[in-house]
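Participant: After the structure tokens below, expect a handful of questions from me.
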Amino acid sequence: DSNTATVTITVTGGAQAISVADIAMFLVPAGRNTKGEARVTVSPAIAGATVTGDWLLNDAPLVQGTSGVTDESGVAVIQSVPIKVGSGDFFTFTVTGISATGYEYAPAGNADTEEDITVLP
């Protein structure tokens, strides 16, 4: 005789995936200088997620590891340092991570990971 038992395992508390839905880029005047601004929308749109990323100016590192926290619409506003720029210079922002309680960053789900904006004459 052999006895057979069925065991059911229920996993709870698994993290939900969170990704980048969009990155909108802007130039912000700062006295004689200019700052790049990235408005990163996360999906799902939750408040309190920290979005981290790196800024480049003309493909050279400008600021690494800057971050912003999402508002109730799921949008984090992240600015570069102010710097003197001229026509044709460009800022690039790359998302390097998203952290939020109960969520795990899933970069494969990003609709957008990097954007740039060029200073016009």
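Starting from 1 in every chain, residues are counted up; chains themselves are A, B, ... following the order of the structure tokens, and ligands are numbered from 1 as listed.
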Would you pick out the contacts of Glu114 of chain A at 8 Å or less, using only C-alpha atoms, so that residues sharing its chain but fewer than 3 positions from it are not included, and give the list as a list in words?
Facilitator: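 Residues near the query, excluding close chain neighbours: Ile23, Thr92, Phe93, Thr94 and Val95 of chain A.
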Participant: Name all residues at most 10 Å from Val20 of chain A (count only C-alpha atoms; drop same-chain ones fewer than 2 positions away) and give them as a list in words.
Facilitator: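 In the requested form, the answer reads Ile18, Asp22, Ile23, Val40, Thr41, Val42, Ser43, Pro44, Ala45, Val51, Gly74, Val75, Val95, Gly97, Ile98, Tyr105, Ala106, Pro107, Ala108, Gly109, Asn110, Ala111, Asp112, Thr113 and Glu114 of chain A.
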Participant: Could you list, as a list in words, every residue within 8 Å of Val69 of chain A, counting only C-alpha atoms and ignoring same-chain residues fewer than 2 positions away?
Facilitator: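 After dropping sequence-adjacent residues, the list is Ala47, Gly48, Ala49, Thr50, Val51, Ser67, Asp71, Val75, Ala76 and Val77 of chain A.
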Participant: For the residues in that selection, give me C-alpha atoms as a CSV table (one decimal), in the first residue's frame.
Facilitator:
```
chain,number,residue,atom,x,y,z
A,47,ALA,CA,2.3,57.9,-5.1
A,48,GLY,CA,5.5,57.6,-3.0
A,49,ALA,CA,7.7,55.6,-5.5
A,50,THR,CA,11.3,56.8,-5.7
A,51,VAL,CA,12.6,57.1,-9.2
A,67,SER,CA,16.0,60.9,-7.6
A,71,ASP,CA,3.0,62.2,-6.7
A,75,VAL,CA,4.9,61.3,-11.8
A,76,ALA,CA,8.3,62.1,-10.4
A,77,VAL,CA,10.0,65.3,-11.3
```
Participant: Tell me, in Å to one decimal, how far atom CA of Thr52 of chain A is from atom CA of Gly68 of chain A.
Facilitator: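 According to the coordinates, atom CA of Thr52 of chain A and atom CA of Gly68 of chain A are separated by 6.7 Å.
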Participant: Give me, as a ChimeraX atom specification, all polymer residues having an atom no more than 8 Å from Glu104 of chain A, counting only C-alpha atoms and skipping those fewer than 4 positions away in the same chain.
Facilitator: /A:15-18,98-100
Participant: Rank A:Lys84, A:Asp59, A:Gln79, A:Thr6 by their smallest atom-to-atom distance to Met25 of chain A, using only C-alpha atoms, and report the top residue only.
Facilitator: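 Answer, going by the shortest atom-to-atom distance: A:Gln79.
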Participant: Would you compute the distance between atom CA of Glu115 of chain A and atom CA of Gly88 of chain A? Give it in Å to one decimal.
Facilitator: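 Result for atom CA of Glu115 of chain A versus atom CA of Gly88 of chain A: 15.6 Å, one decimal.
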